[in-house]
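**Q** The following block contains the structure, expressed as structure tokens.
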Number of protein chains: 4
Amino acid sequence: MNFSGVFAPIPTPFDEQDRVDTTRLKAALQKWLATPLDGFVVLGSNGEAALMDDFESDQVIVAARDAVPSSRRFIVGTGRESTQAAIRASKRAAEHGADAVLVRTPGFFKTQMTHDAFVSHYTAVADASPVPVLLYNFTAVTGVNLQPAAVARLAAHPNIVGMKESGGDIGQIADLVSSTPVTFSVIAGSAGSFYPALCVGATGGILALACVLPEACTNLFTLTKAGRHDEAMSLQRRITPAAKLLGLQYGVPGLKAALHLVGYDVGVPRPPLAPAPDAAVAALRDAIAQFEEIPA
Amino acid sequence: MNFSGVFAPIPTPFDEQDRVDTTRLKAALQKWLATPLDGFVVLGSNGEAALMDDFESDQVIVAARDAVPSSRRFIVGTGRESTQAAIRASKRAAEHGADAVLVRTPGFFKTQMTHDAFVSHYTAVADASPVPVLLYNFTAVTGVNLQPAAVARLAAHPNIVGMKESGGDIGQIADLVSSTPVTFSVIAGSAGSFYPALCVGATGGILALACVLPEACTNLFTLTKAGRHDEAMSLQRRITPAAKLLGLQYGVPGLKAALHLVGYDVGVPRPPLAPAPDAAVAALRDAIAQFEEIPA
Amino acid sequence: MNFSGVFAPIPTPFDEQDRVDTTRLKAALQKWLATPLDGFVVLGSNGEAALMDDFESDQVIVAARDAVPSSRRFIVGTGRESTQAAIRASKRAAEHGADAVLVRTPGFFKTQMTHDAFVSHYTAVADASPVPVLLYNFTAVTGVNLQPAAVARLAAHPNIVGMKESGGDIGQIADLVSSTPVTFSVIAGSAGSFYPALCVGATGGILALACVLPEACTNLFTLTKAGRHDEAMSLQRRITPAAKLLGLQYGVPGLKAALHLVGYDVGVPRPPLAPAPDAAVAALRDAIAQFEEIPA
Amino acid sequence: MNFSGVFAPIPTPFDEQDRVDTTRLKAALQKWLATPLDGFVVLGSNGEAALMDDFESDQVIVAARDAVPSSRRFIVGTGRESTQAAIRASKRAAEHGADAVLVRTPGFFKTQMTHDAFVSHYTAVADASPVPVLLYNFTAVTGVNLQPAAVARLAAHPNIVGMKESGGDIGQIADLVSSTPVTFSVIAGSAGSFYPALCVGATGGILALACVLPEACTNLFTLTKAGRHDEAMSLQRRITPAAKLLGLQYGVPGLKAALHLVGYDVGVPRPPLAPAPDAAVAALRDAIAQFEEIPA
């Protein structure tokens with residue numbers, strides 16, 4: 001199972017009473033299905049999975065799987081701090097129809113998250129998961145770094161098929177590519193450096209920006225694969241301002257606000273997250289404006 | 001409700017099948033009750049709460065409350081990433097007999113954790129909690145910093161009675177003391193700087209080391225309060241090596257290994273945590289040896 | 001030679017043509033000599049030594065030594081990136097009358113500044129220096145950390161008599177005190193944590209704040225030494241706001257502006273440093289106001 | 001004046017008495033002139049300029065200029081902490097025949113190095129320098145970051161023609177390219193990410209690795225410019241291990257040791273730098289071996 005192309009890590013809609021809203025979720029997915037996106041991730045970092053309990057997680061998986069046809073990849077985030085909880089979540093995701101699970105590194109006990117701890121954790125999860133496992137490194141959020149040496153070791157596991165690397169360090173992405181077999185998918189998580197990540201061998205991207213500007217992101221992928229580097233570089237520059245705003249600066253509140261601007265209704269962020277301030281909305285509108293995705 | 005003195009943030013025993021072991025928990029508490037500790041914290045960072053689900057958390061609260069008499073403070077960690085989950089956990093802890101709840105800052109969405117986000121989160125938790133709330137800042141683990149200005153604002157809430165500050169930055173502890181009313185308890189979380197923290201006005205400590213060396217920690221508190229600064233400084237120096245090893249270096253596995261050395265059986269860490277390596281055990285034995293707590 | 005008490009690391013006056021101004025320097029020293037300060041440091045970090053050449057440095061040493069009587073300690077900063085340059089500067093300082101030299105760690109080649117590199121560097125300087133050497137660690141500026149283990153080794157050198165530690169990590173100060181002989185002076189560099197530093201055994205302070213509020217700083221020292229901890233802690237809280245503003249926040253421009261407020265004329269900072277902005281001056285005036293040092 | 005291609009930031013030879021050795025310098029340059037390198041930088045970070053005085057700096061400039069024909073770019077590092085010293089050094093370099101000066105950011109007073117401070121500093125240097133100025137940002141060494149907004153402003157100065165960015169953050173390089181006119185040269189400083197830097201628009205590289213493997217580095221440049229991305233990516237992967245060892249890990253001692261392996265005699269590092277340890281030499285030999293530059 002190969003992960004090539006552009007995937008959208010979609011947010012979880014919450015209603016005004018701070019409840020998961022599967023009606024909005026299905027409606028938003030219908031809109032995304034009209035775009036050329038290669039697949040979807042639910043319950044990732046942008047899905048506010050860290051703020052949800054297991055019951056709510058199941059609701060989201062079931063509702064989304066129902067909406068996403070088998071022609072598109074359907075990936076579920078199942079990272080947990082404990083190994084046994086990550087295993088349980090992965091099994092549940094598989095039961096509910098996930099094509100693969102995306103398992104973020106544990107990071108609470110930072111100093112104990114050694115090479116060996118990561119290898120044991122992911123080996124146990126991959127042994128138990130009924131569906132393929134994607135590793136997931138997001139140092140800016142977790143404070144730990146799953147390094148190429150550990151990934152190289154884990155890539156030998158038959159049920160570990162790829163990795164999402166959210167950091168913008170292109171050197172580390174290049175290292176990951178050269179430390180793993182050609183069948184192992186290294187997937188970029190940062191839209192602000194998607195083009196150079198593809199240059200050094202990333203197979204695709206799981207990009208928050210792809211929720212908002214799906215065509216721009218898939219075009220960037222296609223141009224690069226076709227060797228049209230000048231056009232790709234130029235498109236990269238055009239999307240970078242929006243990519244930055246949707247990254248750590250405005251986070252999930254920014255993503256939900258930007259989606260509202262382009263006609264998606266994904267509700268409000270869950271507290272302690274607060275809706276994006278007006279200045280954020282204005283900055284996002286400016287960054288998106290040139291793409292003419294904002295409905296008249 | 002005042003939090004003066006020395007409190008032990010006790011670990012959660014797991015058995016060899018990776019299950020919560022309340023029998024070991026109760027037995028260990030019986031031993032601790034023979035020491036002069038002023039109280040106990042369950043489900044703190046050292047309690048591996050981040051690796052447990054809500055059902056297991058309830059088991060620990062009920063079993064521990066059963067063992068701890070009302071003459072000792074009984075504090076329960078109820079920090080969660082979402083505001084609603086922190087409220088639910090605090091209500092459950094109160095139902096099961098907690099004297100107070102210790103609520104670690106959310107930290108997953110680091111860049112969104114502004115002054116206002118913290119104030120809203122803790123205000124909502126304190127409004128809803130049936131028992132007093134202690135704030136809890138542990139930057140090395142969460143990657144966010146609950147700063148004195150936010151604490152000053154929250155200290156005005158009638159149900160927020162104190163704070164645990166785990167960082168060793170004595171300047172920040174001094175700032176917290178001077179930014180809050182004299183009735184607000186600033187509790188140190190780092191045994192390696194317990195004496196200087198008391199010097200600048202901390203009212204006590206929640207110290208992993210107090211699980212292992214309860215008398216040394218309570219003596220240090222008593223000496224300082226009595227103005228016997230030279231003896232206190234000298235005792236601080238004696239405990240500092242052990243404090244460091246039990247801190248970020250060896251973490252929970254180190255704490256469990258050290259407790260084993262002094263005659264407590266608190267089982268093994270939960271994966272992905274692994275038992276402390278032999279070198280850690282040897283270093284811990286050396287650091288503890290001078291205190292003659294190791295049974296012959 | 002012991003370094004007990006409070007020392008002022010004085011700024012270097014520059015005139016409006018960006019030249020060293022020894023006339024202003026001598027006049028300012030006359031004012032400081034009317035205070036109870038135990039001594040002075042020229043050409044430290046606050047002395048903008050990093051912005052000066054060797055000829056200018058000599059001018060400052062000669063002019064200041066001329067003004068400072070032998071009853072006060074006269075210390076000269078002679079840190080350089082290369083070992084041979086640090087040796088040359090130390091010899092020149094001794095020739096011109098320094099009582100001791102304060103030698104900041106090299107820090108340009110950060111990753112090469114190992115334990116061994118520091119030990120070799122300081123051993124060579126101490127072997128060659130005609131006057132006693134004080135080590136100087138200022139991690140926030142240099143990006144390197146001279147750790148207690150290296151200091152312990154260097155403290156055995158007969159010509160290395162003490163150390164200035166500018167960091168506010170009280171644990172590291174405590175470690176330095178307990179790793180070195182009682183004759184070795186551990187001198188605090190951060191006024192915001194001067195009292196707790198004294199609590200854990202620091203022998204004194206080299207404090208930018210002591211240029212501006214000499215009596216407050218010497219009082220804090222005296223109160224602590226007399227065991228009057230409550231008064232000392234209270235005074236520490238009063239000086240902390242000013243200490244912070246004079247630290248990394250406003251730096252040398254802040255120090256020069258604050259001195260202007262209390263009646264000293266030490267000219268302007270050297271470019272690329274710019275004079276403190278109006279907001280900084282206002283904040284400094286507020287922080288100093290309660291001490292009634294500002295002339296009517 | 002355009003800076004396209006690959007430039008070698010050559011080390012300064014010191015002899016066994018720790019003196020600048022211009023004989024070795026000229027001999028080494030003769031060897032480098034037989035390679036396709038586009039030019040040379042003396043007195044950069046790798047030139048140990050931070051460890052040298054002005055007289056020694058002049059010696060190096062004169063000797064090197066004498067050896068380098070006008071057909072190759074000859075660039076001199078003239079960064080200093082004070083604005084006036086950077087101006088003086090730039091004038092001297094120009095007098096001695098520099099084609100351009102490379103001016104590293106001041107970084108000692110980190111918190112004062114604002115956007116405005118950088119703009120004032122570089123404007124003053126560029127106003128005064130008789131030859132074109134290249135900005136130089138090396139955050140890992142200086143602890144400050146010259147950001148794209150400041151560079152955009154400075155790029156409008158007629159005497160500021162380009163910039164060396166030593167960080168491996170490809171996103172920042174892309175930002176620099178898109179924030180500056182097409183005539184402004186953005187030069188990469190990190191060989192480990194040279195290919196992706198070129199992908200996003202860097203015009204060339206000033207690469208320590210180019211001292212050791214000049215053909216590999218110039219080939220990588222040529223392949224990328226010719227649109228032969230697969231070959232370029234493959235070559236990038238081959239040079240990355242050596243690039244890393246020569247970067248922060250082994251620094252100048254590593255560079256001098258690696259040059260010794262490939263037949264250059266550039267003496268020893270200046271204390272406090274120490275010669276590379278045996279393990280470093282072995283690792284460097286392994287990383288270089290495949291390029292068959294090591295003489296039989």
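Going by the structure tokens order, chains are called A, B, ..., each with residues numbered from 1, while ligands are numbered from 1 in the order shown.
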Could you pull out the helix (DSSP H, G or I) residues of stretch 13-219 of chain B from DSSP and send them as a PyMOL selection string?
**A** chain B and resi 22-33+45-47+49-51+54-67+83-95+110-112+115-128+139-142+148-154+170-179+191-199+208-212+214-219
**Q** Residues of chain C near chain B: apply a cut-off of 6 Å, count only C-alpha atoms, and supply the list as a list in words.
**A**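 Here is what falls inside 6 Å: Asp169, Gly171, Ser193 and Pro196 of chain C.
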**Q** Restricted to N, CA, C and O atoms, what would the selected residues look like written as a PDB file, in the first residue's frame?
**A**
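Done, and the output landed in out_14.pdb:
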ATOM      1  N   ASP C 169      19.746  30.092  37.208  1.00  0.00           N
ATOM      2  CA  ASP C 169      19.440  28.731  37.641  1.00  0.00           C
ATOM      3  C   ASP C 169      20.107  28.485  38.996  1.00  0.00           C
ATOM      4  O   ASP C 169      21.306  28.220  39.084  1.00  0.00           O
ATOM      5  N   GLY C 171      19.835  26.095  41.004  1.00  0.00           N
ATOM      6  CA  GLY C 171      20.373  24.749  41.143  1.00  0.00           C
ATOM      7  C   GLY C 171      21.818  24.677  40.668  1.00  0.00           C
ATOM      8  O   GLY C 171      22.672  24.058  41.301  1.00  0.00           O
ATOM      9  N   SER C 193      17.721  37.102  41.070  1.00  0.00           N
ATOM     10  CA  SER C 193      17.750  35.938  41.954  1.00  0.00           C
ATOM     11  C   SER C 193      18.944  36.026  42.902  1.00  0.00           C
ATOM     12  O   SER C 193      19.516  35.005  43.286  1.00  0.00           O
ATOM     13  N   PRO C 196      18.125  34.274  46.589  1.00  0.00           N
ATOM     14  CA  PRO C 196      18.251  32.813  46.647  1.00  0.00           C
ATOM     15  C   PRO C 196      19.660  32.328  46.305  1.00  0.00           C
ATOM     16  O   PRO C 196      20.090  31.293  46.820  1.00  0.00           O
TER      17      PRO C 196
END
**Q** With only C-alpha atoms as the counted atoms, please give the residues lying no more than 10 Å from stretch 53-69 of chain D, apart from itself and same-chain residues fewer than 3 positions off, as a JSON list (two decimals) with N, CA and C atoms, in the first residue's frame.
**A**
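Result went into result11.json, see below:
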[["chain", "number", "residue", "atom", "x", "y", "z"],
["C", 53, "ASP", "N", 38.03, 47.81, 20.80],
["C", 53, "ASP", "CA", 39.30, 47.20, 20.41],
["C", 53, "ASP", "C", 40.28, 47.26, 21.59],
["C", 54, "ASP", "N", 41.46, 46.69, 21.38],
["C", 54, "ASP", "CA", 42.40, 46.56, 22.50],
["C", 54, "ASP", "C", 42.90, 47.92, 22.99],
["C", 82, "SER", "N", 39.96, 33.59, 21.39],
["C", 82, "SER", "CA", 41.15, 32.74, 21.29],
["C", 82, "SER", "C", 41.90, 32.74, 22.62],
["C", 85, "ALA", "N", 44.67, 35.42, 22.77],
["C", 85, "ALA", "CA", 44.18, 36.79, 22.96],
["C", 85, "ALA", "C", 43.71, 37.01, 24.40],
["D", 12, "THR", "N", 42.01, 29.11, 7.70],
["D", 12, "THR", "CA", 43.27, 29.81, 7.85],
["D", 12, "THR", "C", 44.30, 28.84, 8.43],
["D", 13, "PRO", "N", 45.41, 28.61, 7.73],
["D", 13, "PRO", "CA", 46.44, 27.74, 8.32],
["D", 13, "PRO", "C", 47.16, 28.43, 9.49],
["D", 19, "ARG", "N", 50.80, 30.60, 14.91],
["D", 19, "ARG", "CA", 50.88, 31.82, 14.10],
["D", 19, "ARG", "C", 50.24, 31.59, 12.74],
["D", 20, "VAL", "N", 49.69, 32.65, 12.15],
["D", 20, "VAL", "CA", 49.16, 32.55, 10.79],
["D", 20, "VAL", "C", 50.29, 32.11, 9.86],
["D", 21, "ASP", "N", 49.98, 31.17, 8.97],
["D", 21, "ASP", "CA", 51.00, 30.60, 8.09],
["D", 21, "ASP", "C", 50.60, 30.87, 6.64],
["D", 22, "THR", "N", 51.08, 31.98, 6.10],
["D", 22, "THR", "CA", 50.67, 32.37, 4.75],
["D", 22, "THR", "C", 51.31, 31.50, 3.68],
["D", 23, "THR", "N", 52.41, 30.87, 4.00],
["D", 23, "THR", "CA", 53.04, 29.95, 3.02],
["D", 23, "THR", "C", 52.10, 28.77, 2.74],
["D", 25, "LEU", "N", 49.00, 28.75, 3.29],
["D", 25, "LEU", "CA", 47.77, 29.29, 2.69],
["D", 25, "LEU", "C", 47.91, 29.38, 1.17],
["D", 26, "LYS", "N", 49.03, 29.94, 0.71],
["D", 26, "LYS", "CA", 49.22, 30.10, -0.74],
["D", 26, "LYS", "C", 49.32, 28.74, -1.43],
["D", 27, "ALA", "N", 50.02, 27.82, -0.80],
["D", 27, "ALA", "CA", 50.17, 26.49, -1.41],
["D", 27, "ALA", "C", 48.81, 25.80, -1.55],
["D", 28, "ALA", "N", 48.00, 25.92, -0.51],
["D", 28, "ALA", "CA", 46.68, 25.29, -0.58],
["D", 28, "ALA", "C", 45.84, 25.94, -1.67],
["D", 29, "LEU", "N", 45.90, 27.25, -1.77],
["D", 29, "LEU", "CA", 45.13, 27.93, -2.81],
["D", 29, "LEU", "C", 45.55, 27.45, -4.21],
["D", 30, "GLN", "N", 46.84, 27.20, -4.41],
["D", 30, "GLN", "CA", 47.28, 26.69, -5.72],
["D", 30, "GLN", "C", 46.56, 25.40, -6.07],
["D", 32, "TRP", "N", 43.59, 24.44, -4.89],
["D", 32, "TRP", "CA", 42.17, 24.72, -5.13],
["D", 32, "TRP", "C", 41.95, 25.38, -6.50],
["D", 33, "LEU", "N", 42.95, 26.11, -6.95],
["D", 33, "LEU", "CA", 42.79, 26.78, -8.25],
["D", 33, "LEU", "C", 42.74, 25.78, -9.40],
["D", 39, "GLY", "N", 34.95, 30.52, -6.71],
["D", 39, "GLY", "CA", 35.58, 31.57, -5.92],
["D", 39, "GLY", "C", 35.87, 31.10, -4.51],
["D", 40, "PHE", "N", 36.38, 32.03, -3.72],
["D", 40, "PHE", "CA", 36.86, 31.70, -2.37],
["D", 40, "PHE", "C", 36.42, 32.76, -1.37],
["D", 41, "VAL", "N", 36.20, 32.29, -0.16],
["D", 41, "VAL", "CA", 35.95, 33.20, 0.96],
["D", 41, "VAL", "C", 37.08, 33.00, 1.97],
["D", 42, "VAL", "N", 37.75, 34.08, 2.34],
["D", 42, "VAL", "CA", 38.68, 34.00, 3.47],
["D", 42, "VAL", "C", 38.08, 34.73, 4.66],
["D", 43, "LEU", "N", 38.51, 34.32, 5.85],
["D", 43, "LEU", "CA", 38.09, 34.97, 7.09],
["D", 43, "LEU", "C", 36.60, 34.85, 7.36],
["D", 47, "GLY", "N", 37.17, 30.17, 8.59],
["D", 47, "GLY", "CA", 38.51, 30.75, 8.55],
["D", 47, "GLY", "C", 39.02, 31.14, 9.93],
["D", 49, "ALA", "N", 38.18, 33.40, 11.77],
["D", 49, "ALA", "CA", 38.35, 34.85, 11.90],
["D", 49, "ALA", "C", 38.04, 35.32, 13.32],
["D", 50, "ALA", "N", 37.13, 34.61, 13.99],
["D", 50, "ALA", "CA", 36.76, 35.02, 15.36],
["D", 50, "ALA", "C", 37.94, 34.90, 16.32],
["D", 72, "ARG", "N", 38.39, 34.46, -10.58],
["D", 72, "ARG", "CA", 37.60, 33.81, -9.52],
["D", 72, "ARG", "C", 37.21, 34.88, -8.50],
["D", 73, "ARG", "N", 36.02, 34.73, -7.98],
["D", 73, "ARG", "CA", 35.55, 35.66, -6.96],
["D", 73, "ARG", "C", 36.41, 35.53, -5.70],
["D", 74, "PHE", "N", 36.72, 36.67, -5.12],
["D", 74, "PHE", "CA", 37.51, 36.68, -3.89],
["D", 74, "PHE", "C", 36.74, 37.49, -2.84],
["D", 75, "ILE", "N", 36.22, 36.80, -1.87],
["D", 75, "ILE", "CA", 35.32, 37.39, -0.87],
["D", 75, "ILE", "C", 35.99, 37.34, 0.50],
["D", 76, "VAL", "N", 35.86, 38.43, 1.26],
["D", 76, "VAL", "CA", 36.50, 38.50, 2.57],
["D", 76, "VAL", "C", 35.45, 38.70, 3.65],
["D", 77, "GLY", "N", 35.54, 37.88, 4.70],
["D", 77, "GLY", "CA", 34.65, 38.04, 5.85],
["D", 77, "GLY", "C", 35.09, 39.22, 6.70],
["D", 78, "THR", "N", 34.16, 40.15, 6.96],
["D", 78, "THR", "CA", 34.51, 41.35, 7.72],
["D", 78, "THR", "C", 33.47, 41.63, 8.82],
["D", 85, "ALA", "N", 33.71, 48.88, 13.72],
["D", 85, "ALA", "CA", 34.76, 47.90, 13.42],
["D", 85, "ALA", "C", 34.44, 47.15, 12.13],
["D", 88, "ARG", "N", 35.48, 49.50, 9.34],
["D", 88, "ARG", "CA", 36.95, 49.54, 9.19],
["D", 88, "ARG", "C", 37.46, 48.28, 8.51],
["D", 89, "ALA", "N", 36.96, 47.13, 8.95],
["D", 89, "ALA", "CA", 37.42, 45.87, 8.37],
["D", 89, "ALA", "C", 37.04, 45.77, 6.88],
["D", 92, "ARG", "N", 39.42, 47.97, 4.86],
["D", 92, "ARG", "CA", 40.73, 47.34, 4.72],
["D", 92, "ARG", "C", 40.69, 46.20, 3.72],
["D", 93, "ALA", "N", 39.64, 45.40, 3.77],
["D", 93, "ALA", "CA", 39.52, 44.29, 2.82],
["D", 93, "ALA", "C", 39.47, 44.80, 1.39],
["D", 94, "ALA", "N", 38.73, 45.86, 1.20],
["D", 94, "ALA", "CA", 38.63, 46.44, -0.15],
["D", 94, "ALA", "C", 39.99, 46.94, -0.61],
["D", 95, "GLU", "N", 40.69, 47.64, 0.25],
["D", 95, "GLU", "CA", 42.03, 48.13, -0.09],
["D", 95, "GLU", "C", 42.95, 47.00, -0.53],
["D", 96, "HIS", "N", 42.78, 45.85, 0.12],
["D", 96, "HIS", "CA", 43.66, 44.72, -0.18],
["D", 96, "HIS", "C", 43.13, 43.85, -1.31],
["D", 97, "GLY", "N", 42.06, 44.30, -1.98],
["D", 97, "GLY", "CA", 41.66, 43.62, -3.20],
["D", 97, "GLY", "C", 40.44, 42.73, -3.14],
["D", 98, "ALA", "N", 39.67, 42.78, -2.06],
["D", 98, "ALA", "CA", 38.45, 41.96, -2.00],
["D", 98, "ALA", "C", 37.49, 42.36, -3.12],
["D", 99, "ASP", "N", 36.84, 41.37, -3.72],
["D", 99, "ASP", "CA", 35.77, 41.65, -4.69],
["D", 99, "ASP", "C", 34.47, 42.02, -3.97]]
**Q** Please report, as a VMD selection string, each residue of stretch 13-244 of chain D to which DSSP assigns strand (DSSP E) when run on this structure's backbone.
**A** chain D and resid 39 to 42 73 to 77 100 to 104 133 to 137 160 to 165 185 to 188 204 to 206
**Q** Need to verify the contact set: stretch 135-152 of chain B, 8 Å, only C-alpha atoms, exclusion of same-chain residues closer than 4 positions in sequence. Can you return it as a ChimeraX atom specification?
**A** /A:108-110,143 /B:102-108,110,113,115-116,118-119,122,156,160,162-167,172,175-176,179-180
**Q** Quick one: everything within 8 Å of stretch 207-209 of chain D, counting only C-alpha atoms, minus sequence neighbours fewer than 3 positions away in the same chain. Send it as a list in words.
**A**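 Answer for this query is Val6, Phe7, Ala8, Pro9, Ile10, Asn46, Ala188, Gly189, Ser190, Ala191, Val212, Leu213, Pro214, Cys217, Ala242, Ala243, Leu246, Gly247 and Leu255 of chain D.
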**Q** Report the distance between atom CA of B:Ala117 and atom CA of A:Pro275 in Å, rounded to one decimal place.
**A**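 Atom-to-atom, atom CA of B:Ala117 to atom CA of A:Pro275, that is 10.7 Å.
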**Q** Distance atom CA of B:Leu154-atom CA of B:Ala126, one decimal place?
**A**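 Atom-to-atom, atom CA of B:Leu154 to atom CA of B:Ala126, that is 9.4 Å.
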**Q** What is the atom CA of B:Pro11 to atom CA of B:Leu259 distance in Å?
**A**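 Here the two named atoms are 9.6 Å from each other.
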**Q** Would you pick out the contacts of stretch 278-294 of chain C at 8 Å or less, using only C-alpha atoms, so that residues sharing its chain but fewer than 5 positions from it are not included, and give the list as JSON, numbers by chain?
**A** {"C": [213, 239, 241, 242, 245, 250, 254, 257, 258, 261, 262, 263]}
**Q** Could those selected residues go to a file with N, CA and C atoms, as a PDB file, in the first residue's frame?
**A**
ATOM      1  N   LEU C 213      21.312  50.936  41.734  1.00  0.00           N
ATOM      2  CA  LEU C 213      20.782  50.914  43.104  1.00  0.00           C
ATOM      3  C   LEU C 213      21.817  50.263  44.029  1.00  0.00           C
ATOM      4  N   ILE C 239      13.354  44.822  44.434  1.00  0.00           N
ATOM      5  CA  ILE C 239      14.313  45.146  43.362  1.00  0.00           C
ATOM      6  C   ILE C 239      14.107  44.320  42.099  1.00  0.00           C
ATOM      7  N   PRO C 241      11.679  43.848  39.842  1.00  0.00           N
ATOM      8  CA  PRO C 241      11.231  44.460  38.578  1.00  0.00           C
ATOM      9  C   PRO C 241      12.335  45.241  37.871  1.00  0.00           C
ATOM     10  N   ALA C 242      13.091  46.031  38.624  1.00  0.00           N
ATOM     11  CA  ALA C 242      14.190  46.776  37.999  1.00  0.00           C
ATOM     12  C   ALA C 242      15.262  45.822  37.483  1.00  0.00           C
ATOM     13  N   LEU C 245      14.316  44.467  34.073  1.00  0.00           N
ATOM     14  CA  LEU C 245      14.415  45.441  32.977  1.00  0.00           C
ATOM     15  C   LEU C 245      15.867  45.669  32.581  1.00  0.00           C
ATOM     16  N   TYR C 250      16.293  45.025  28.355  1.00  0.00           N
ATOM     17  CA  TYR C 250      16.760  46.303  27.793  1.00  0.00           C
ATOM     18  C   TYR C 250      18.281  46.394  27.706  1.00  0.00           C
ATOM     19  N   GLY C 254      19.383  49.964  28.323  1.00  0.00           N
ATOM     20  CA  GLY C 254      18.581  50.167  29.522  1.00  0.00           C
ATOM     21  C   GLY C 254      19.430  50.618  30.691  1.00  0.00           C
ATOM     22  N   ALA C 257      20.376  54.226  30.248  1.00  0.00           N
ATOM     23  CA  ALA C 257      19.221  55.101  30.473  1.00  0.00           C
ATOM     24  C   ALA C 257      18.892  55.185  31.964  1.00  0.00           C
ATOM     25  N   ALA C 258      18.965  54.049  32.660  1.00  0.00           N
ATOM     26  CA  ALA C 258      18.648  54.050  34.099  1.00  0.00           C
ATOM     27  C   ALA C 258      19.670  54.888  34.858  1.00  0.00           C
ATOM     28  N   LEU C 261      18.855  58.423  34.644  1.00  0.00           N
ATOM     29  CA  LEU C 261      17.752  58.790  35.553  1.00  0.00           C
ATOM     30  C   LEU C 261      18.232  59.066  36.978  1.00  0.00           C
ATOM     31  N   VAL C 262      19.258  58.339  37.406  1.00  0.00           N
ATOM     32  CA  VAL C 262      19.717  58.517  38.786  1.00  0.00           C
ATOM     33  C   VAL C 262      20.937  59.427  38.865  1.00  0.00           C
ATOM     34  N   GLY C 263      21.182  60.173  37.796  1.00  0.00           N
ATOM     35  CA  GLY C 263      22.166  61.240  37.884  1.00  0.00           C
ATOM     36  C   GLY C 263      23.576  60.934  37.406  1.00  0.00           C
TER      37      GLY C 263
END
